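Asker: Contents of my_file27.pdb (PDB, C-alpha atoms) are given next:
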MODEL        1
ATOM      1  CA  MET A   1      28.800 -17.517  26.351
ATOM      2  CA  ALA A   2      29.192 -15.338  29.454
ATOM      3  CA  ALA A   3      29.479 -12.232  27.286
ATOM      4  CA  ALA A   4      26.245 -13.116  25.508
ATOM      5  CA  GLU A   5      24.458 -13.658  28.822
ATOM      6  CA  GLY A   6      25.595 -10.239  30.032
ATOM      7  CA  GLN A   7      24.036  -8.375  27.117
ATOM      8  CA  THR A   8      21.072  -6.142  27.768
ATOM      9  CA  SER A   9      17.832  -6.634  25.852
ATOM     10  CA  SER A  10      18.632  -3.392  24.024
ATOM     11  CA  GLN A  11      21.950  -4.804  22.834
ATOM     12  CA  ALA A  12      20.289  -8.050  21.798
ATOM     13  CA  SER A  13      17.709  -6.189  19.701
ATOM     14  CA  HIS A  14      20.545  -4.436  17.838
ATOM     15  CA  GLU A  15      21.848  -7.801  16.683
ATOM     16  CA  ARG A  16      18.568  -8.789  15.019
ATOM     17  CA  ALA A  17      17.902  -7.726  11.471
ATOM     18  CA  TRP A  18      15.024  -5.320  10.805
ATOM     19  CA  HIS A  19      12.974  -8.057   9.115
ATOM     20  CA  GLU A  20      13.299 -10.291  12.212
ATOM     21  CA  VAL A  21      12.003  -7.437  14.351
ATOM     22  CA  VAL A  22       8.969  -7.045  12.061
ATOM     23  CA  LEU A  23       8.192 -10.772  12.136
ATOM     24  CA  GLN A  24       8.464 -11.049  15.919
ATOM     25  CA  THR A  25       6.478  -7.869  16.532
ATOM     26  CA  LEU A  26       3.681  -8.977  14.201
ATOM     27  CA  LYS A  27       3.453 -12.269  16.097
ATOM     28  CA  ARG A  28       3.492 -10.573  19.497
ATOM     29  CA  ASN A  29       0.563  -8.388  18.377
ATOM     30  CA  GLU A  30      -1.442 -11.278  16.836
ATOM     31  CA  ILE A  31      -1.117  -9.942  13.273
ATOM     32  CA  ARG A  32      -1.665 -13.186  11.350
ATOM     33  CA  LEU A  33      -2.725 -12.115   7.847
ATOM     34  CA  VAL A  34      -0.028 -10.555   5.655
ATOM     35  CA  PRO A  35      -0.878  -9.997   1.986
ATOM     36  CA  TYR A  36       1.828  -8.248  -0.010
ATOM     37  CA  VAL A  37       2.987  -7.016  -3.366
ATOM     38  CA  PRO A  38       6.414  -8.544  -4.080
ATOM     39  CA  ASP A  39       9.376  -6.253  -3.505
ATOM     40  CA  ARG A  40      13.125  -6.823  -3.502
ATOM     41  CA  VAL A  41      13.715  -5.030  -0.183
ATOM     42  CA  LEU A  42      10.989  -7.083   1.514
ATOM     43  CA  THR A  43      12.114 -10.443   0.065
ATOM     44  CA  THR A  44      13.660 -11.868   3.251
ATOM     45  CA  LEU A  45      10.709 -10.749   5.379
ATOM     46  CA  ILE A  46       8.240 -12.246   2.887
ATOM     47  CA  ARG A  47      10.195 -15.518   2.729
ATOM     48  CA  ASN A  48      10.300 -15.761   6.529
ATOM     49  CA  ILE A  49       6.588 -15.023   6.902
ATOM     50  CA  HIS A  50       5.777 -17.714   4.314
ATOM     51  CA  ALA A  51       7.942 -20.192   6.282
ATOM     52  CA  ASP A  52       6.168 -19.507   9.587
ATOM     53  CA  PRO A  53       2.868 -21.403  10.065
ATOM     54  CA  PHE A  54       1.626 -18.631  12.387
ATOM     55  CA  PHE A  55       0.946 -16.446   9.339
ATOM     56  CA  THR A  56      -1.401 -16.596   6.389
ATOM     57  CA  THR A  57       0.386 -14.787   3.595
ATOM     58  CA  PHE A  58       0.118 -14.506  -0.161
ATOM     59  CA  PRO A  59       0.979 -12.097  -2.962
ATOM     60  CA  THR A  60      -1.625  -9.762  -4.414
ATOM     61  CA  ALA A  61      -1.725  -8.130  -7.829
ATOM     62  CA  ARG A  62      -2.105  -4.601  -6.480
ATOM     63  CA  GLU A  63      -1.680  -2.770  -3.191
ATOM     64  CA  GLU A  64      -5.331  -1.713  -2.974
ATOM     65  CA  GLU A  65      -6.308  -5.388  -3.260
ATOM     66  CA  ALA A  66      -4.142  -6.158  -0.216
ATOM     67  CA  VAL A  67      -5.725  -3.257   1.709
ATOM     68  CA  GLY A  68      -9.200  -4.564   0.836
ATOM     69  CA  ILE A  69      -8.286  -8.058   2.028
ATOM     70  CA  VAL A  70      -6.937  -6.786   5.356
ATOM     71  CA  SER A  71      -9.984  -4.528   5.787
ATOM     72  CA  GLY A  72     -12.398  -7.418   5.229
ATOM     73  CA  ALA A  73     -10.382  -9.623   7.557
ATOM     74  CA  TRP A  74     -10.561  -6.984  10.316
ATOM     75  CA  MET A  75     -14.352  -6.881   9.940
ATOM     76  CA  GLY A  76     -14.279 -10.666  10.376
ATOM     77  CA  GLY A  77     -12.109 -10.500  13.501
ATOM     78  CA  LEU A  78      -8.634 -11.109  12.039
ATOM     79  CA  ARG A  79      -5.723  -8.669  12.291
ATOM     80  CA  GLY A  80      -3.586  -8.010   9.233
ATOM     81  CA  ALA A  81      -0.737  -6.000   7.768
ATOM     82  CA  VAL A  82       0.179  -5.117   4.180
ATOM     83  CA  LEU A  83       3.706  -5.148   2.736
ATOM     84  CA  MET A  84       4.444  -2.911  -0.261
ATOM     85  CA  GLN A  85       6.946  -0.636  -1.981
ATOM     86  CA  THR A  86       6.729   3.149  -2.217
ATOM     87  CA  SER A  87       5.635   3.065  -5.859
ATOM     88  CA  GLY A  88       2.576   1.024  -4.931
ATOM     89  CA  PHE A  89       1.500   3.688  -2.478
ATOM     90  CA  ALA A  90       0.625   5.945  -5.416
ATOM     91  CA  THR A  91      -2.533   3.905  -6.022
ATOM     92  CA  LEU A  92      -3.809   3.910  -2.426
ATOM     93  CA  ALA A  93      -5.328   7.347  -1.734
ATOM     94  CA  ASN A  94      -8.838   6.278  -2.737
ATOM     95  CA  VAL A  95      -8.949   2.999  -0.803
ATOM     96  CA  LEU A  96      -7.501   4.682   2.284
ATOM     97  CA  ALA A  97      -9.911   7.651   2.095
ATOM     98  CA  SER A  98     -12.994   5.599   1.242
ATOM     99  CA  LEU A  99     -12.454   2.370   3.217
ATOM    100  CA  ALA A 100      -9.680   2.116   5.796
ATOM    101  CA  ILE A 101     -10.026   5.549   7.379
ATOM    102  CA  PRO A 102     -13.825   6.077   7.479
ATOM    103  CA  TYR A 103     -14.522   2.489   8.526
ATOM    104  CA  GLN A 104     -11.841   2.668  11.213
ATOM    105  CA  ILE A 105      -9.725  -0.235   9.993
ATOM    106  CA  PRO A 106      -6.450  -0.544  11.936
ATOM    107  CA  LEU A 107      -4.545  -1.261   8.748
ATOM    108  CA  ILE A 108      -0.816  -1.743   9.352
ATOM    109  CA  MET A 109       1.200  -0.843   6.236
ATOM    110  CA  PHE A 110       4.914  -1.551   5.871
ATOM    111  CA  VAL A 111       6.217   0.484   2.936
ATOM    112  CA  SER A 112       9.765  -0.096   1.689
ATOM    113  CA  GLU A 113      10.954   3.349   0.678
ATOM    114  CA  ARG A 114      12.342   4.035  -2.758
ATOM    115  CA  GLY A 115      12.766   7.388  -4.432
ATOM    116  CA  THR A 116      15.409   8.788  -2.131
ATOM    117  CA  LEU A 117      19.124   8.514  -1.337
ATOM    118  CA  GLY A 118      20.426   8.168  -4.870
ATOM    119  CA  GLU A 119      17.335   6.709  -6.537
ATOM    120  CA  PHE A 120      17.763   6.270 -10.296
ATOM    121  CA  ASN A 121      14.068   5.932 -11.213
ATOM    122  CA  TRP A 122      12.316   9.298 -11.605
ATOM    123  CA  GLY A 123       8.870   7.716 -11.104
ATOM    124  CA  GLN A 124       9.916   6.329  -7.730
ATOM    125  CA  THR A 125      11.223   9.763  -6.755
ATOM    126  CA  MET A 126       7.906  11.470  -7.558
ATOM    127  CA  VAL A 127       5.878   8.986  -5.528
ATOM    128  CA  CYS A 128       8.292   9.286  -2.617
ATOM    129  CA  ARG A 129       7.923  13.083  -2.684
ATOM    130  CA  THR A 130       4.130  12.866  -2.550
ATOM    131  CA  MET A 131       3.652   9.942  -0.148
ATOM    132  CA  ARG A 132       4.031  11.813   3.146
ATOM    133  CA  PRO A 133       1.932  14.825   2.039
ATOM    134  CA  VAL A 134      -0.849  12.415   0.994
ATOM    135  CA  LEU A 135      -0.664  10.645   4.361
ATOM    136  CA  ASP A 136      -0.742  14.024   6.106
ATOM    137  CA  SER A 137      -3.747  15.194   4.061
ATOM    138  CA  LEU A 138      -5.590  12.016   5.087
ATOM    139  CA  ALA A 139      -4.596  12.677   8.725
ATOM    140  CA  MET A 140      -3.096   9.188   8.731
ATOM    141  CA  GLU A 141      -0.441   8.288  11.268
ATOM    142  CA  HIS A 142       2.928   7.476   9.698
ATOM    143  CA  HIS A 143       6.488   6.986  10.837
ATOM    144  CA  THR A 144       9.679   6.835   8.831
ATOM    145  CA  CYS A 145      11.881   4.159  10.364
ATOM    146  CA  THR A 146      15.586   4.852   9.914
ATOM    147  CA  ARG A 147      17.349   3.199  12.867
ATOM    148  CA  LEU A 148      17.344  -0.314  14.208
ATOM    149  CA  ASP A 149      17.810   0.797  17.831
ATOM    150  CA  ASP A 150      14.301   2.294  18.048
ATOM    151  CA  PHE A 151      12.621   0.259  15.310
ATOM    152  CA  GLU A 152      10.993  -2.386  17.513
ATOM    153  CA  PHE A 153       9.551   0.287  19.795
ATOM    154  CA  ILE A 154       8.087   2.221  16.842
ATOM    155  CA  VAL A 155       6.597  -0.868  15.184
ATOM    156  CA  ASP A 156       5.136  -2.288  18.395
ATOM    157  CA  ARG A 157       3.644   0.991  19.606
ATOM    158  CA  SER A 158       2.299   1.856  16.156
ATOM    159  CA  ILE A 159       0.480  -1.465  15.929
ATOM    160  CA  LYS A 160      -0.933  -1.071  19.434
ATOM    161  CA  GLN A 161      -2.081   2.491  18.697
ATOM    162  CA  ALA A 162      -3.668   1.481  15.375
ATOM    163  CA  ILE A 163      -5.658  -1.289  17.056
ATOM    164  CA  THR A 164      -6.655   0.795  20.067
ATOM    165  CA  THR A 165      -7.720   3.847  18.030
ATOM    166  CA  GLN A 166      -8.960   1.777  15.060
ATOM    167  CA  ALA A 167      -6.991   3.927  12.656
ATOM    168  CA  PRO A 168      -4.496   2.905   9.965
ATOM    169  CA  VAL A 169      -0.756   3.494  10.236
ATOM    170  CA  ALA A 170       2.042   3.487   7.677
ATOM    171  CA  LEU A 171       5.532   2.422   8.681
ATOM    172  CA  ILE A 172       7.923   3.691   6.027
ATOM    173  CA  LEU A 173      11.071   1.572   5.928
ATOM    174  CA  SER A 174      13.898   3.909   4.961
ATOM    175  CA  PRO A 175      16.952   2.595   3.109
ATOM    176  CA  LEU A 176      18.862   3.801   6.181
ATOM    177  CA  LEU A 177      17.163   0.910   8.016
ATOM    178  CA  THR A 178      16.834  -1.752   5.320
ATOM    179  CA  ALA A 179      20.134  -1.504   3.429
ATOM    180  CA  ASN A 180      22.917  -3.815   4.490
ATOM    181  CA  ARG A 181      25.436  -1.113   5.251
ATOM    182  CA  THR A 182      28.765  -1.493   6.960
ATOM    183  CA  ILE A 183      31.303   1.145   7.849
ATOM    184  CA  GLU A 184      34.879   0.358   6.956
ATOM    185  CA  LYS A 185      37.279   1.252   9.757
TER
ENDMDL
END
Could you quickly redo this structure as structure tokens?

Answerer:
Amino acid sequence: MAAAEGQTSSQASHERAWHEVVLQTLKRNEIRLVPYVPDRVLTTLIRNIHADPFFTTFPTAREEEAVGIVSGAWMGGLRGAVLMQTSGFATLANVLASLAIPYQIPLIMFVSERGTLGEFNWGQTMVCRTMRPVLDSLAMEHHTCTRLDDFEFIVDRSIKQAITTQAPVALILSPLLTANRTIEK
């Protein structure tokens, strides 16, 4: 007990899983609406958001549908975030370029990254290779999150910046962050 009380807040944040950090940071920033396209990597986060009455969450058929829902909600005064996988990003260039960016929607996108670090699916690899260049060509803020020690800072500040500047942001969740990895000693 005494050892736990002596931990710094930085040490305590290292003990939380990445999906707990996302959930708590969304709540702290009043992000209540979370449509998503189901994804294996995001399963625990999705389950936890469904279990929390703070959130309104539901699956969508396509990623651009989720972006449209969050965009309409913003225009009605509600903050939202979209959960998706890298492959779903391939369909988003039009809705980002024609809705979220020009209408200054602070869309928060959490994208679980596939297509890297030993990916077996060639299609996933191609989308992963083009995702960041597409975001860059749209002049859209994006961060690849790889480490738990700075993850909460990146998520929190990205949400705050998106809302303040009324511009979308993509938070790319690298397998370096989301995989349950342990190092054998």

Asker: Between atom CA of Ser87 of chain A and atom CA of Asn121 of chain A, measure the distance and give it in Å to one decimal.

Answerer: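 One can read the atom CA of Ser87 of chain A to atom CA of Asn121 of chain A distance as 10.4 Å.
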
Asker: Report as a PyMOL selection string the residues that result from applying the PyMOL selection byres ((chain A and resi 26) around 12) to the structure here.

Answerer: chain A and resi 19-25+27-34+45+49+52+54-55+79-82+108-110+152+155-160

Asker: (6.8, 1.1, 4.1) in this file's frame - what residues fall within 7 Å of it? Use all atoms listed in the file and give the answer as a list in words.

Answerer: Met84, Gln85, Thr86, Met109, Phe110, Val111, Ser112, Glu113, Ala170, Leu171, Ile172 and Leu173 of chain A

Asker: Got a sec: who's within 6 Å of Leu177 of chain A, counting only C-alpha atoms, leaving out chain neighbours fewer than 3 positions off, as a list of chain:residue names?

Answerer: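 Near neighbours after the sequence-gap exclusion: A:Thr146, A:Arg147, A:Ser174.
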
Asker: Keeping only C-alpha atoms, write the selected residues as a PDB file, in the frame of the given file.

Answerer:
ATOM      1  CA  THR A 146      15.586   4.852   9.914  1.00  0.00           C
ATOM      2  CA  ARG A 147      17.349   3.199  12.867  1.00  0.00           C
ATOM      3  CA  SER A 174      13.898   3.909   4.961  1.00  0.00           C
TER       4      SER A 174
END

Asker: What is the atom CA of Thr130 of chain A-atom CA of Leu83 of chain A distance in Å, reported with one decimal?

Answerer: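 The value is 18.8 Å.
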
Asker: I'd like the interatomic distance between atom CA of Glu141 of chain A and atom CA of Ala162 of chain A, to a tenth of an Å.

Answerer: 8.6 Å

Asker: Name the closest residue to Pro35 of chain A among the candidates A:Ile163, A:Leu107, A:Leu99, A:Ala93; distances are taken between atoms, counting all atoms listed in the file.

Answerer: A:Leu107

Asker: Using only C-alpha atoms for the distances, tell me which of A:Ile154, A:Asn48, A:Trp74, A:Ala167 is nearest to Pro102 of chain A.

Answerer: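 Closest residue, counting only C-alpha atoms: A:Ala167.
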
Asker: Smallest atom-to-atom distance to Gly68 of chain A: which of A:Pro53, A:Thr165, A:Leu96, A:Arg47, using all atoms listed in the file?

Answerer: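 Under the stated criterion, the closest residue is A:Leu96.
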
Asker: Have a look at A:Gly118, A:Pro59, A:Gly88, A:Pro106 and name the one nearest to Gly72 of chain A; count only C-alpha atoms.

Answerer: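 Checking each candidate against Gly72 of chain A, we get A:Pro106 as the closest.
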
Asker: If the PyMOL selection byres ((chain A and resi 116) around 9) is run on the structure shown, which residues does it catch, given as a PDB file with C-alpha atoms, in the frame of the given file?

Answerer:
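Generated file (selection_0.pdb):
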ATOM      1  CA  GLU A 113      10.954   3.349   0.678  1.00  0.00           C
ATOM      2  CA  ARG A 114      12.342   4.035  -2.758  1.00  0.00           C
ATOM      3  CA  GLY A 115      12.766   7.388  -4.432  1.00  0.00           C
ATOM      4  CA  LEU A 117      19.124   8.514  -1.337  1.00  0.00           C
ATOM      5  CA  GLY A 118      20.426   8.168  -4.870  1.00  0.00           C
ATOM      6  CA  GLU A 119      17.335   6.709  -6.537  1.00  0.00           C
ATOM      7  CA  PHE A 120      17.763   6.270 -10.296  1.00  0.00           C
ATOM      8  CA  GLN A 124       9.916   6.329  -7.730  1.00  0.00           C
ATOM      9  CA  THR A 125      11.223   9.763  -6.755  1.00  0.00           C
ATOM     10  CA  CYS A 128       8.292   9.286  -2.617  1.00  0.00           C
ATOM     11  CA  ARG A 129       7.923  13.083  -2.684  1.00  0.00           C
ATOM     12  CA  SER A 174      13.898   3.909   4.961  1.00  0.00           C
ATOM     13  CA  PRO A 175      16.952   2.595   3.109  1.00  0.00           C
TER      14      PRO A 175
END

Asker: Tell me which of A:Ala97, A:Ile46, A:Leu92, A:Val67 sits closest to Ser137 of chain A, counting all atoms listed in the file.

Answerer: A:Ala97

Asker: With distances taken over all atoms listed in the file, which of A:Phe58, A:Ala90, A:Ala51, A:Arg40 is nearest to Arg132 of chain A?

Answerer: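 Using all atoms listed in the file, Arg132 of chain A sits closest to A:Ala90.
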
Asker: With 6 Å added on each side, what axis-aligned box encloses every listed atom of segment 37-56 of chain A? Give the centre and edge lengths in Å to one decimal, as lines of an AutoDock Vina configuration file.

Answerer:
center_x = 6.2
center_y = -13.2
center_z = 4.2
size_x = 27.1
size_y = 28.4
size_z = 28.5
